[in-house]
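Visitor: Next up is a structure, given as structure tokens.
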Amino acid sequence: ESPKNPPNFPQIPFNPPKPPPNPPNSPKFPKIGHSVCLHLHGFSPYFYVLAPPGAGEAHLEPLERELEAALRREQRGGNPKFQPPKNVLGLTLVRKQSILGFQGGLQSLFVRVGVSLPRLVAPARRLLERGLRWGNLGVQPAPPFEANIDFEIRFMADSGLVGCCWVELPPGGFRCWGALRGHPPEGAWLGLPPLRLLSFDIECAGRKGVFPEPQQDPVIAIAAVALRQGAREPFLRVVFTLRSCAALRGATVRSFESERELLQSWAEFVRIVDPDVVTGYNIHNFDLPYLIQRAQVLQVESFPYLGRVRGVPSQVRDSAFQSRQLGRREGKVVTSPGRVTLDMLQVLLREHKLRSYSLNAVSAHFLHEQKEDVPHGIITELQNGDAQTRRRLALYCLKDAMLPLRLLERLMTLVTLVEMARVTAVPLSYLLTRGQQVKVVAQLLRQAMQEDLLLPVVKSEGGEDFEGATVIEPLKGYYDAPIATLDFSSLYPSIMIAHNLCYTTLLPPGGAQKHGLGPQDFIRTPTGQLFVTPRVRRGVLPRVLEGLLAARSRVKAALAEEQDPERRQVLDGRQLALKVSANSVYGFTGAQAGRLPCLEISQSVTGFGRQMIEKTKQLVESEYPDVQVVYGDTDSVMCRLKVPSVPEAAALGRAVATWVSGHFPPPIRLEFEKVYLPYLLISKKRYAGLCFSGGSGGTPKLDCKGLEAVRRDNCPLAANLVTACLRRILLHRDPQGAVAHAQEVISDLLCNRIDISQLVITKELTRAASAYSAPQAHVALAERLRRRDPGSAPGLGDRVPYVIVSGARGQPAYERSEDPVFALEQNLPIDTRYYLEQQLSRPLLRIFEPILGEGRAQAVLLQGEHTRCKTLLTARSGALSAFTSKRSSCIGCRALLPHHGAVCDFCRQRESELYQKEVSQVWHLERSFSRLWSQCQRCQSSLLQDVLCSSRDCPIFYMRRKVQKDLEAQLELLRRFGTPQW
DNA sequence: AAATGCTCCTAC
DNA sequence: TAAGGTAGGAGCATTT
């Protein structure tokens, strides 16, 4: 049911175009009329407790009375008005097994506790766990099982639904209790439904230098773009503006004189478009909370009904999320029942490692186009102008609403998420808000249910760390011979399958005697744990993993046949989801603060892994004396082969892999992956090579692991230079060219010819400033920025960009970190020595030393003529020198002058010549500036309007500002000549 | 000068 | 309440 008329919702005359109808009887999709939001009502959750010894049918009734009474007492305490009709829906005795530990087929007695509301699960569990009266057995504690399963996961597992699957409903009205008919996402039910996506962006009129706050600063524009999933073009583009706005081509403009009307109208628009997915960039932490808070301030009562459930308003809540993988993040969550809010920023933070996550940087990276970035102050100016300046604002806003949709499409975000939801059986929203564990829990629960196994509620205590994988000691150096890479695909999942490692197969100490098992019934893992063989009991985890691997082979086969591009996309997405999903099971078992940790399993898995890589190296080297394992990490070995060509290396690699595979139990297999030629091995986890994937004819690709080229915590100059040198060495096989290039870049750096954007280092703020025990450059800067303007300062989880500026001798780097824009605007001098010595020299030496030799690399790179370049130009070109020096110096000979003129008496005779030189410098700067300016105009797609952009993620911006400032300084210099007399 | 601990980010 | 794992290189400030 879609709430067309929430309480007190005023009717505003407004007729946006209706979404286009679905294609009639489209062969691709089943016939669908509407999006339907199923609001889950009246589903009763349940959990289990282990019954104490001696418990039976007779104990259930008194126990239920006890539990009911205890729950009522608790609730009266919390909320006297709340009086649910019934808390406990029923207790029943069931015979099942705990999943934890081999049980020898013995079932235990459990009580299934059904309660009427999800929020009763936690207190009921606590009461039973602590101990209630079990009739004549007295007060007995009862350990809970499955009391920590998420409500939606419980429901879906019970109904046999997976995330994002098709559900068939009877035509006309329906009221469904329990039996929903979900279709497996295959065949006719493989595709995605034509979901409606709505992307939006807001603009606020902030005050100068302060980040906009909803208490004070009005919303002046909201742009919205609606797209049907799978369609190429949006079916709707609308901009809502405060005050008049000139027409936009291809978009509807709706102007309002009052902000209240603007907000009301937008909310109504959302309800009419009725999107399934609401997207945008940073809408979670900015746009949505801002709108809702602003509507509160303006008392627009009807506004927050943005969801699909009648009478349930969207709410802003603070949220904190913390995981080892994603770090700690805090922010706001806006609820919107019935719609998925898909913040592209959150998606990118989870899925992609980038230097910067500004919409700007992201557009440049994924869409290869720059976007304007207009500072807040100027936004307000545009708003205060006329219909034309507000048109510009509207267009800017519209573009920002458009970009998330384009990112969504380019990154295939929706398909990827839908497939992950289908494979792991969780709702799509979980993938955006929750961690990795819940996906494994969902799968584990479903498999366990089939085998009458229950998941215990464990209190996670921080256990001890366990030993991980082996990294083979690298034989460092430069190899001009083919290196074949062999690896165990899905190593950890296949270990778990091959050795039947599972919660259900783990034999505790003494378990063998207890269950009367002989030596042939169990195995001892390399770390000493005992697990029963599949003959005794097949594990649940291996079953889940086998299912995932088997599904993967089916998808592979289907992909070979499938022609339809959209279905192919779905299958691709599924393949990825299956792989990722299988690989996360091991991590789940080892998760210290986990839902169901079992270090015996994870330890054994890595133990087997260590044994295997060691054995592989030995097997290979003893069977093939001409093959040498030069390196290996976890599941791979790099083999140096004494064959001349890539195809021969591939053939030999395949033979070796097949032969080695025979020495391991299925489904463990060693596979030939690729050939490197040449190969540069720097150290553990750091190498580069020219990669021939599959060892065949395709174009080889430069592969670079762990080196500065692929790290985000150095400046782009270092990363780019390392990449460029590696390309020259490995791809073009031109080490001399690489050296020359490196020398040139070093020279450019020392002569201040490197653009500041190349020197920006970014690092993540992983915790609150006070939680750091060691000083850090980015943390110190973040603190300084916070003092300058708390609203716009970097928050937890943000990446902080900085440059290192010159300072006093011996001053630590953390005191010299500075905001790049600030440094540019204030003409703070960059510490080029720092960049050479701390950012470039060591990475360069590391890659050149294996080729040139130790001494030579040092001499050639760091001691040549190019390191002595010190320009005179920079010394005075900055505006700084013009304003800070108390006395001016002669433009000809730099001698101090007693006056503010241009030249000293000695240089007076060449004054005309010097003047001409400075004038030509002005021309030169003007030409550069005009080139950059028109480049920025092209970016804003208007050659007629001023450039307002100040994107700190665009190199052109830095260059433009630099030239502009140099030009100003140069003109100032020119003024010192006065009116020429000659 | 060398060793050490903290921090970040990557490989797998 | 919820939160996948360990190995490992490198930079940097501080201590030894």
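Residues are referred to by chain and number: the chain letter is A, B, ... according to the order shown in the structure tokens, the number counts from 1 in that chain, and ligands are numbered separately from 1 in the order shown.
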Residues of chain A were defined as contacting chain B if any atom lay at most 7 Å from it, counting only C-alpha atoms (C1' of nucleotides); please report them as a PyMOL selection string.
Guide: chain A and resi 633-634+685+706+711+774
Visitor: Given the selection you just returned, output its residues as a file containing C-alpha atoms, formatted as an mmCIF file, in the first residue's frame.
Guide:
data_model
loop_
_atom_site.group_PDB
_atom_site.id
_atom_site.type_symbol
_atom_site.label_atom_id
_atom_site.label_comp_id
_atom_site.auth_asym_id
_atom_site.auth_seq_id
_atom_site.Cartn_x
_atom_site.Cartn_y
_atom_site.Cartn_z
ATOM 1 C CA ASP A 633 51.916 -16.138 -0.639
ATOM 2 C CA THR A 634 49.157 -18.127 1.100
ATOM 3 C CA LYS A 685 53.899 -8.719 -0.767
ATOM 4 C CA GLY A 706 52.012 -3.639 -2.833
ATOM 5 C CA ARG A 711 49.027 2.527 -2.366
ATOM 6 C CA ALA A 774 51.556 8.731 18.366
#
Visitor: Please, which residues of chain C lie no more than 7 Å from chain A when the count uses only C-alpha atoms (C1' of nucleotides), and can they be set out as a list of chain:residue names?
Guide: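 Within 7 Å of chain A on chain C, we get C:DA3, C:DG4, C:DG5, C:DT6.
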Visitor: When you look at Pro665 in chain A with a cut-off of 10 Å (counting only C-alpha atoms (C1' of nucleotides)), what residues show up, excluding the ones that are within fewer than 5 positions of it in the same chain? I need them as an NGL selection string.
Guide: :A and (494-495 or 497-499)
Visitor: Quick one, how far is CA of Met638 in chain A from CA of Tyr687 in chain A?
Guide: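 These atoms are spaced 11.2 Å apart.
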Visitor: Distance CA of Thr241 in chain A-CA of Leu227 in chain A, one decimal place?
Guide: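 These atoms are spaced 21.0 Å apart.
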Visitor: May I have the residues within 9 Å of Cys165 in chain A as an NGL selection string, using only C-alpha atoms (C1' of nucleotides) and disregarding those fewer than 4 positions away in the same chain?
Guide: :A and (161 or 182-185 or 189-190 or 192 or 418 or 421-422)
Visitor: Could you please take those selected residues and save C-alpha atoms as a PDB file, in the first residue's frame?
Guide:
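And here's result_12.pdb as it stands now:
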ATOM      1  CA  LEU A 161      12.736 -16.525   0.496  1.00  0.00           C
ATOM      2  CA  GLY A 182       8.937 -16.994  -3.628  1.00  0.00           C
ATOM      3  CA  HIS A 183      10.586 -18.084  -6.845  1.00  0.00           C
ATOM      4  CA  PRO A 184      14.214 -19.174  -7.020  1.00  0.00           C
ATOM      5  CA  PRO A 185      16.027 -16.460  -9.003  1.00  0.00           C
ATOM      6  CA  TRP A 189      12.878 -15.291 -12.599  1.00  0.00           C
ATOM      7  CA  LEU A 190      16.544 -14.445 -13.144  1.00  0.00           C
ATOM      8  CA  LEU A 192      15.838  -7.727 -12.127  1.00  0.00           C
ATOM      9  CA  VAL A 418      20.772  -7.873  -5.860  1.00  0.00           C
ATOM     10  CA  ALA A 421      21.294 -10.552  -1.603  1.00  0.00           C
ATOM     11  CA  ARG A 422      20.077 -13.565  -3.559  1.00  0.00           C
TER      12      ARG A 422
END
Visitor: As a PyMOL selection string, please: every residue in range 306-520 of chain A that DSSP puts in helix (DSSP H, G or I).
Guide: chain A and resi 344-351+359-367+376-384+387-410+413-424+428-433+437-450+491-498+503-505+511-514+519-520
Visitor: Kindly give the distance, in Å, that separates CA of Pro313 in chain A and CA of Leu169 in chain A, rounded to a single decimal.
Guide: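 For CA of Pro313 in chain A relative to CA of Leu169 in chain A, the distance reads 26.9 Å.
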Visitor: So which residues touch Tyr357 in chain A within 12 Å, counting only C-alpha atoms (C1' of nucleotides), skipping near sequence neighbours fewer than 4 positions away, as a PDB file with C-alpha atoms, in the first residue's frame?
Guide:
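Output file out.pdb follows:
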ATOM      1  CA  TYR A 281      25.693  11.137  -2.950  1.00  0.00           C
ATOM      2  CA  ASN A 282      26.127  11.408   0.799  1.00  0.00           C
ATOM      3  CA  MET A 344      26.422   5.924  -3.524  1.00  0.00           C
ATOM      4  CA  LEU A 345      29.034   7.330  -1.176  1.00  0.00           C
ATOM      5  CA  GLN A 346      28.437   4.474   1.252  1.00  0.00           C
ATOM      6  CA  VAL A 347      28.555   1.982  -1.595  1.00  0.00           C
ATOM      7  CA  LEU A 348      31.889   3.328  -2.798  1.00  0.00           C
ATOM      8  CA  LEU A 349      33.322   3.390   0.711  1.00  0.00           C
ATOM      9  CA  ARG A 350      32.469  -0.275   1.053  1.00  0.00           C
ATOM     10  CA  GLU A 351      33.405  -1.505  -2.377  1.00  0.00           C
ATOM     11  CA  HIS A 352      36.250   0.652  -3.670  1.00  0.00           C
ATOM     12  CA  LYS A 353      39.530   1.855  -2.283  1.00  0.00           C
ATOM     13  CA  ALA A 361      37.168  12.707  -7.573  1.00  0.00           C
ATOM     14  CA  VAL A 362      34.820   9.785  -7.995  1.00  0.00           C
ATOM     15  CA  SER A 363      33.331  11.139 -11.233  1.00  0.00           C
ATOM     16  CA  ALA A 364      36.797  11.704 -12.584  1.00  0.00           C
ATOM     17  CA  HIS A 365      37.859   8.209 -11.607  1.00  0.00           C
ATOM     18  CA  PHE A 366      34.893   6.168 -12.804  1.00  0.00           C
ATOM     19  CA  THR A 762      45.803  11.468   1.918  1.00  0.00           C
ATOM     20  CA  GLU A 764      42.330   8.026   6.745  1.00  0.00           C
ATOM     21  CA  GLY A 797      36.573   7.618   8.627  1.00  0.00           C
ATOM     22  CA  ASP A 798      37.263  10.514   6.256  1.00  0.00           C
ATOM     23  CA  ARG A 799      40.468  10.705   4.318  1.00  0.00           C
ATOM     24  CA  VAL A 800      42.474  13.827   5.138  1.00  0.00           C
ATOM     25  CA  PRO A 801      44.430  15.375   2.253  1.00  0.00           C
ATOM     26  CA  ARG A 952      40.163  20.406  -4.403  1.00  0.00           C
ATOM     27  CA  ASP A 953      40.159  17.166  -6.334  1.00  0.00           C
TER      28      ASP A 953
END
Visitor: May I ask which of the residues A:Cys639, A:Val540, A:Ala969, A:Cys725 is the closest one to Asp452 in chain A, counting only C-alpha atoms?
Guide: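 That would be A:Val540, the residue with the smallest distance to Asp452 in chain A.
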